[in-house]
Amino acid sequence: MTNTLKLAAAIPALALLSACATTAPTTTPTTPAESATDVAYDRMAPAPYTCTDGGKIMAKQSINKQQAMLNVTLPKVNWANQPLILNGGMNGDTASYVNDSNPEVIYAWHMKGNEGVLAMKWATGQEYQVTCKI
């Protein structure tokens, strides 16, 4: 087979491959790739907590235990499936996480064993705390 025939036979295959190829994103990430994996979450389901005030919290820690992701339903504060992301970490067998990004309220989530405590403190001085168990 001549080189011309080989090239003619390869052109349809190359066209098909190039049509199926995906283009990599051209935007530059704002953080290094390492920091994106630092707060990665595994595919396990979040832990379901039932709270003393009739509320429910679905809690999940990042793989490196430096962040917690909560989905909170608390009837007393009119929350239904409110997402919260808090930063912190482990100290022995206790995990403590805080979100103070909102100047109006600070959120704290503490876990030890099968128990968790969600606390909120508003800038006005008002506080709310609920104890939850798996």
# chains A, B, ... in the order shown; residues from 1 in each chain; ligands from 1
call {"tool": "residues_around", "arguments": {"residues": "Gly55 of chain A", "least_positions_apart": "3", "cutoff": "6 Å", "atoms": "only C-alpha atoms", "output": "PDB file with all heavy atoms, in the first residue's frame"}}
result
ATOM      1  N   CYS A  51     -32.364  15.880  66.390  1.00  0.00           N
ATOM      2  CA  CYS A  51     -32.090  16.887  67.418  1.00  0.00           C
ATOM      3  C   CYS A  51     -33.214  16.966  68.449  1.00  0.00           C
ATOM      4  O   CYS A  51     -34.356  16.589  68.177  1.00  0.00           O
ATOM      5  CB  CYS A  51     -31.879  18.239  66.759  1.00  0.00           C
ATOM      6  SG  CYS A  51     -30.587  18.203  65.501  1.00  0.00           S
ATOM      7  N   THR A  73     -32.247  21.114  59.181  1.00  0.00           N
ATOM      8  CA  THR A  73     -33.668  21.433  59.292  1.00  0.00           C
ATOM      9  C   THR A  73     -33.955  21.671  60.769  1.00  0.00           C
ATOM     10  O   THR A  73     -33.829  20.753  61.581  1.00  0.00           O
ATOM     11  CB  THR A  73     -34.539  20.284  58.746  1.00  0.00           C
ATOM     12  OG1 THR A  73     -34.248  20.125  57.353  1.00  0.00           O
ATOM     13  CG2 THR A  73     -36.017  20.572  58.927  1.00  0.00           C
ATOM     14  N   LEU A  74     -34.276  22.923  61.112  1.00  0.00           N
ATOM     15  CA  LEU A  74     -34.588  23.295  62.489  1.00  0.00           C
ATOM     16  C   LEU A  74     -35.873  24.117  62.504  1.00  0.00           C
ATOM     17  O   LEU A  74     -35.863  25.296  62.143  1.00  0.00           O
ATOM     18  CB  LEU A  74     -33.447  24.118  63.107  1.00  0.00           C
ATOM     19  CG  LEU A  74     -32.112  23.419  63.317  1.00  0.00           C
ATOM     20  CD1 LEU A  74     -31.059  24.404  63.786  1.00  0.00           C
ATOM     21  CD2 LEU A  74     -32.257  22.275  64.303  1.00  0.00           C
TER      22      LEU A  74
END
call {"tool": "residues_around", "arguments": {"residues": "Val72 of chain A", "least_positions_apart": "4", "cutoff": "9 Å", "atoms": "only C-alpha atoms", "output": "MDAnalysis selection string"}}
result
chainID A and resid 55:59 79:84
call {"tool": "write_last_selection", "arguments": {"atoms": "C-alpha atoms", "output": "short mmCIF file (atom, residue, chain, number, x, y, z; two decimals), in the first residue's frame"}}
result
data_model
loop_
_atom_site.label_atom_id
_atom_site.label_comp_id
_atom_site.auth_asym_id
_atom_site.auth_seq_id
_atom_site.Cartn_x
_atom_site.Cartn_y
_atom_site.Cartn_z
CA GLY A 55 -34.77 19.16 64.03
CA LYS A 56 -32.62 17.03 61.76
CA ILE A 57 -29.03 17.49 60.61
CA MET A 58 -27.25 15.56 57.89
CA ALA A 59 -23.51 15.94 58.59
CA TRP A 79 -34.83 26.33 58.56
CA ALA A 80 -35.66 23.59 56.08
CA ASN A 81 -32.69 21.89 54.39
CA GLN A 82 -30.36 24.82 55.04
CA PRO A 83 -26.82 24.04 53.81
CA LEU A 84 -23.88 25.06 56.00
#
call {"tool": "residues_around", "arguments": {"residues": "Tyr107 of chain A", "least_positions_apart": "2", "cutoff": "7 Å", "atoms": "only C-alpha atoms", "output": "PyMOL selection string"}}
result
chain A and resi 98-100+105+109+119-121
call {"tool": "residues_around", "arguments": {"residues": "Met90 of chain A", "least_positions_apart": "6", "cutoff": "8 Å", "atoms": "only C-alpha atoms", "output": "PDB file with N, CA and C atoms, in the first residue's frame"}}
result
ATOM      1  N   LYS A  65     -10.833  15.891  57.238  1.00  0.00           N
ATOM      2  CA  LYS A  65     -11.479  16.309  58.495  1.00  0.00           C
ATOM      3  C   LYS A  65     -11.322  17.796  58.800  1.00  0.00           C
ATOM      4  N   GLN A  66     -10.994  18.611  57.796  1.00  0.00           N
ATOM      5  CA  GLN A  66     -10.816  20.047  57.996  1.00  0.00           C
ATOM      6  C   GLN A  66     -12.072  20.860  57.700  1.00  0.00           C
ATOM      7  N   SER A  96     -14.529  19.870  65.807  1.00  0.00           N
ATOM      8  CA  SER A  96     -15.125  21.198  66.002  1.00  0.00           C
ATOM      9  C   SER A  96     -14.982  22.011  64.730  1.00  0.00           C
TER      10      SER A  96
END
call {"tool": "residues_around", "arguments": {"residues": "Ala68 of chain A", "least_positions_apart": "4", "cutoff": "7 Å", "atoms": "only C-alpha atoms", "output": "PyMOL selection string"}}
result
chain A and resi 59-62+85-87+97
call {"tool": "atom_distance", "arguments": {"atom1": "atom CA of Glu104 of chain A", "atom2": "atom CA of Val130 of chain A"}}
result
19.1 Å
call {"tool": "atom_distance", "arguments": {"atom1": "atom CA of Gln67 of chain A", "atom2": "atom CA of Asn114 of chain A"}}
result
18.0 Å
call {"tool": "decode", "arguments": {"residues": "segment 51-88 of chain A", "atoms": "N, CA, C and O atoms", "output": "PDB file, in the first residue's frame"}}
result
ATOM      1  N   CYS A  51     -32.364  15.880  66.390  1.00  0.00           N
ATOM      2  CA  CYS A  51     -32.090  16.887  67.418  1.00  0.00           C
ATOM      3  C   CYS A  51     -33.214  16.966  68.449  1.00  0.00           C
ATOM      4  O   CYS A  51     -34.356  16.589  68.177  1.00  0.00           O
ATOM      5  N   THR A  52     -32.887  17.523  69.621  1.00  0.00           N
ATOM      6  CA  THR A  52     -33.825  17.591  70.740  1.00  0.00           C
ATOM      7  C   THR A  52     -35.027  18.482  70.461  1.00  0.00           C
ATOM      8  O   THR A  52     -36.054  18.318  71.088  1.00  0.00           O
ATOM      9  N   ASP A  53     -34.940  19.408  69.532  1.00  0.00           N
ATOM     10  CA  ASP A  53     -36.052  20.316  69.256  1.00  0.00           C
ATOM     11  C   ASP A  53     -36.888  19.881  68.049  1.00  0.00           C
ATOM     12  O   ASP A  53     -37.618  20.671  67.487  1.00  0.00           O
ATOM     13  N   GLY A  54     -36.736  18.615  67.635  1.00  0.00           N
ATOM     14  CA  GLY A  54     -37.469  18.127  66.472  1.00  0.00           C
ATOM     15  C   GLY A  54     -36.747  18.387  65.163  1.00  0.00           C
ATOM     16  O   GLY A  54     -37.280  18.103  64.098  1.00  0.00           O
ATOM     17  N   GLY A  55     -35.538  18.882  65.235  1.00  0.00           N
ATOM     18  CA  GLY A  55     -34.772  19.161  64.034  1.00  0.00           C
ATOM     19  C   GLY A  55     -34.002  17.946  63.552  1.00  0.00           C
ATOM     20  O   GLY A  55     -33.912  16.921  64.230  1.00  0.00           O
ATOM     21  N   LYS A  56     -33.440  18.085  62.361  1.00  0.00           N
ATOM     22  CA  LYS A  56     -32.617  17.031  61.763  1.00  0.00           C
ATOM     23  C   LYS A  56     -31.408  17.679  61.097  1.00  0.00           C
ATOM     24  O   LYS A  56     -31.519  18.738  60.488  1.00  0.00           O
ATOM     25  N   ILE A  57     -30.269  17.010  61.243  1.00  0.00           N
ATOM     26  CA  ILE A  57     -29.034  17.485  60.614  1.00  0.00           C
ATOM     27  C   ILE A  57     -28.386  16.307  59.906  1.00  0.00           C
ATOM     28  O   ILE A  57     -28.226  15.234  60.481  1.00  0.00           O
ATOM     29  N   MET A  58     -28.034  16.528  58.649  1.00  0.00           N
ATOM     30  CA  MET A  58     -27.254  15.560  57.888  1.00  0.00           C
ATOM     31  C   MET A  58     -25.835  16.127  57.845  1.00  0.00           C
ATOM     32  O   MET A  58     -25.626  17.221  57.303  1.00  0.00           O
ATOM     33  N   ALA A  59     -24.876  15.417  58.451  1.00  0.00           N
ATOM     34  CA  ALA A  59     -23.514  15.943  58.587  1.00  0.00           C
ATOM     35  C   ALA A  59     -22.510  15.046  57.886  1.00  0.00           C
ATOM     36  O   ALA A  59     -22.599  13.826  57.954  1.00  0.00           O
ATOM     37  N   LYS A  60     -21.548  15.701  57.231  1.00  0.00           N
ATOM     38  CA  LYS A  60     -20.505  14.969  56.530  1.00  0.00           C
ATOM     39  C   LYS A  60     -19.198  15.743  56.668  1.00  0.00           C
ATOM     40  O   LYS A  60     -19.174  16.960  56.490  1.00  0.00           O
ATOM     41  N   GLN A  61     -18.122  15.031  56.993  1.00  0.00           N
ATOM     42  CA  GLN A  61     -16.803  15.641  57.108  1.00  0.00           C
ATOM     43  C   GLN A  61     -16.021  15.422  55.817  1.00  0.00           C
ATOM     44  O   GLN A  61     -16.187  14.409  55.146  1.00  0.00           O
ATOM     45  N   SER A  62     -15.136  16.381  55.513  1.00  0.00           N
ATOM     46  CA  SER A  62     -14.243  16.198  54.372  1.00  0.00           C
ATOM     47  C   SER A  62     -13.273  15.068  54.700  1.00  0.00           C
ATOM     48  O   SER A  62     -13.101  14.680  55.852  1.00  0.00           O
ATOM     49  N   ILE A  63     -12.643  14.546  53.677  1.00  0.00           N
ATOM     50  CA  ILE A  63     -11.721  13.421  53.861  1.00  0.00           C
ATOM     51  C   ILE A  63     -10.602  13.778  54.836  1.00  0.00           C
ATOM     52  O   ILE A  63     -10.228  12.980  55.678  1.00  0.00           O
ATOM     53  N   ASN A  64     -10.099  15.009  54.783  1.00  0.00           N
ATOM     54  CA  ASN A  64      -9.016  15.409  55.682  1.00  0.00           C
ATOM     55  C   ASN A  64      -9.522  15.942  57.023  1.00  0.00           C
ATOM     56  O   ASN A  64      -8.736  16.395  57.840  1.00  0.00           O
ATOM     57  N   LYS A  65     -10.833  15.891  57.238  1.00  0.00           N
ATOM     58  CA  LYS A  65     -11.479  16.309  58.495  1.00  0.00           C
ATOM     59  C   LYS A  65     -11.322  17.796  58.800  1.00  0.00           C
ATOM     60  O   LYS A  65     -11.537  18.235  59.909  1.00  0.00           O
ATOM     61  N   GLN A  66     -10.994  18.611  57.796  1.00  0.00           N
ATOM     62  CA  GLN A  66     -10.816  20.047  57.996  1.00  0.00           C
ATOM     63  C   GLN A  66     -12.072  20.860  57.700  1.00  0.00           C
ATOM     64  O   GLN A  66     -12.089  22.070  57.891  1.00  0.00           O
ATOM     65  N   GLN A  67     -13.120  20.189  57.222  1.00  0.00           N
ATOM     66  CA  GLN A  67     -14.350  20.893  56.861  1.00  0.00           C
ATOM     67  C   GLN A  67     -15.534  19.963  57.103  1.00  0.00           C
ATOM     68  O   GLN A  67     -15.417  18.753  56.966  1.00  0.00           O
ATOM     69  N   ALA A  68     -16.661  20.561  57.466  1.00  0.00           N
ATOM     70  CA  ALA A  68     -17.899  19.801  57.621  1.00  0.00           C
ATOM     71  C   ALA A  68     -18.974  20.457  56.768  1.00  0.00           C
ATOM     72  O   ALA A  68     -19.050  21.682  56.671  1.00  0.00           O
ATOM     73  N   MET A  69     -19.779  19.612  56.150  1.00  0.00           N
ATOM     74  CA  MET A  69     -20.894  20.075  55.331  1.00  0.00           C
ATOM     75  C   MET A  69     -22.172  19.580  56.009  1.00  0.00           C
ATOM     76  O   MET A  69     -22.337  18.382  56.230  1.00  0.00           O
ATOM     77  N   LEU A  70     -23.047  20.513  56.369  1.00  0.00           N
ATOM     78  CA  LEU A  70     -24.294  20.177  57.048  1.00  0.00           C
ATOM     79  C   LEU A  70     -25.483  20.556  56.185  1.00  0.00           C
ATOM     80  O   LEU A  70     -25.437  21.538  55.449  1.00  0.00           O
ATOM     81  N   ASN A  71     -26.545  19.790  56.322  1.00  0.00           N
ATOM     82  CA  ASN A  71     -27.836  20.133  55.755  1.00  0.00           C
ATOM     83  C   ASN A  71     -28.780  20.140  56.964  1.00  0.00           C
ATOM     84  O   ASN A  71     -29.021  19.101  57.567  1.00  0.00           O
ATOM     85  N   VAL A  72     -29.280  21.325  57.322  1.00  0.00           N
ATOM     86  CA  VAL A  72     -29.940  21.514  58.610  1.00  0.00           C
ATOM     87  C   VAL A  72     -31.419  21.847  58.439  1.00  0.00           C
ATOM     88  O   VAL A  72     -31.779  22.739  57.679  1.00  0.00           O
ATOM     89  N   THR A  73     -32.247  21.114  59.181  1.00  0.00           N
ATOM     90  CA  THR A  73     -33.668  21.433  59.292  1.00  0.00           C
ATOM     91  C   THR A  73     -33.955  21.671  60.769  1.00  0.00           C
ATOM     92  O   THR A  73     -33.829  20.753  61.581  1.00  0.00           O
ATOM     93  N   LEU A  74     -34.276  22.923  61.112  1.00  0.00           N
ATOM     94  CA  LEU A  74     -34.588  23.295  62.489  1.00  0.00           C
ATOM     95  C   LEU A  74     -35.873  24.117  62.504  1.00  0.00           C
ATOM     96  O   LEU A  74     -35.863  25.296  62.143  1.00  0.00           O
ATOM     97  N   PRO A  75     -36.982  23.509  62.911  1.00  0.00           N
ATOM     98  CA  PRO A  75     -38.250  24.225  62.909  1.00  0.00           C
ATOM     99  C   PRO A  75     -38.239  25.495  63.772  1.00  0.00           C
ATOM    100  O   PRO A  75     -38.856  26.488  63.401  1.00  0.00           O
ATOM    101  N   LYS A  76     -37.511  25.493  64.879  1.00  0.00           N
ATOM    102  CA  LYS A  76     -37.523  26.655  65.787  1.00  0.00           C
ATOM    103  C   LYS A  76     -36.842  27.887  65.200  1.00  0.00           C
ATOM    104  O   LYS A  76     -37.097  28.994  65.653  1.00  0.00           O
ATOM    105  N   VAL A  77     -35.987  27.705  64.201  1.00  0.00           N
ATOM    106  CA  VAL A  77     -35.378  28.859  63.536  1.00  0.00           C
ATOM    107  C   VAL A  77     -35.838  28.963  62.087  1.00  0.00           C
ATOM    108  O   VAL A  77     -35.233  29.666  61.282  1.00  0.00           O
ATOM    109  N   ASN A  78     -36.923  28.241  61.770  1.00  0.00           N
ATOM    110  CA  ASN A  78     -37.529  28.263  60.426  1.00  0.00           C
ATOM    111  C   ASN A  78     -36.557  27.864  59.322  1.00  0.00           C
ATOM    112  O   ASN A  78     -36.547  28.468  58.248  1.00  0.00           O
ATOM    113  N   TRP A  79     -35.742  26.841  59.571  1.00  0.00           N
ATOM    114  CA  TRP A  79     -34.826  26.329  58.564  1.00  0.00           C
ATOM    115  C   TRP A  79     -35.332  25.005  58.038  1.00  0.00           C
ATOM    116  O   TRP A  79     -35.710  24.123  58.811  1.00  0.00           O
ATOM    117  N   ALA A  80     -35.325  24.859  56.723  1.00  0.00           N
ATOM    118  CA  ALA A  80     -35.655  23.592  56.078  1.00  0.00           C
ATOM    119  C   ALA A  80     -34.573  23.311  55.041  1.00  0.00           C
ATOM    120  O   ALA A  80     -34.432  24.051  54.070  1.00  0.00           O
ATOM    121  N   ASN A  81     -33.779  22.286  55.291  1.00  0.00           N
ATOM    122  CA  ASN A  81     -32.690  21.886  54.391  1.00  0.00           C
ATOM    123  C   ASN A  81     -31.707  23.026  54.112  1.00  0.00           C
ATOM    124  O   ASN A  81     -31.307  23.259  52.979  1.00  0.00           O
ATOM    125  N   GLN A  82     -31.317  23.719  55.155  1.00  0.00           N
ATOM    126  CA  GLN A  82     -30.358  24.823  55.043  1.00  0.00           C
ATOM    127  C   GLN A  82     -28.937  24.266  54.971  1.00  0.00           C
ATOM    128  O   GLN A  82     -28.489  23.592  55.880  1.00  0.00           O
ATOM    129  N   PRO A  83     -28.206  24.526  53.884  1.00  0.00           N
ATOM    130  CA  PRO A  83     -26.824  24.040  53.807  1.00  0.00           C
ATOM    131  C   PRO A  83     -25.874  24.946  54.582  1.00  0.00           C
ATOM    132  O   PRO A  83     -26.021  26.170  54.578  1.00  0.00           O
ATOM    133  N   LEU A  84     -24.921  24.330  55.270  1.00  0.00           N
ATOM    134  CA  LEU A  84     -23.880  25.061  56.000  1.00  0.00           C
ATOM    135  C   LEU A  84     -22.548  24.377  55.737  1.00  0.00           C
ATOM    136  O   LEU A  84     -22.458  23.153  55.798  1.00  0.00           O
ATOM    137  N   ILE A  85     -21.526  25.149  55.482  1.00  0.00           N
ATOM    138  CA  ILE A  85     -20.172  24.622  55.379  1.00  0.00           C
ATOM    139  C   ILE A  85     -19.349  25.310  56.452  1.00  0.00           C
ATOM    140  O   ILE A  85     -19.341  26.540  56.557  1.00  0.00           O
ATOM    141  N   LEU A  86     -18.690  24.491  57.266  1.00  0.00           N
ATOM    142  CA  LEU A  86     -17.923  25.002  58.390  1.00  0.00           C
ATOM    143  C   LEU A  86     -16.492  24.472  58.318  1.00  0.00           C
ATOM    144  O   LEU A  86     -16.261  23.365  57.842  1.00  0.00           O
ATOM    145  N   ASN A  87     -15.547  25.251  58.810  1.00  0.00           N
ATOM    146  CA  ASN A  87     -14.139  24.873  58.795  1.00  0.00           C
ATOM    147  C   ASN A  87     -13.647  24.599  60.208  1.00  0.00           C
ATOM    148  O   ASN A  87     -14.118  25.219  61.160  1.00  0.00           O
ATOM    149  N   GLY A  88     -12.717  23.697  60.340  1.00  0.00           N
ATOM    150  CA  GLY A  88     -12.166  23.366  61.648  1.00  0.00           C
ATOM    151  C   GLY A  88     -11.311  22.134  61.564  1.00  0.00           C
ATOM    152  O   GLY A  88     -10.474  22.010  60.681  1.00  0.00           O
TER     153      GLY A  88
END
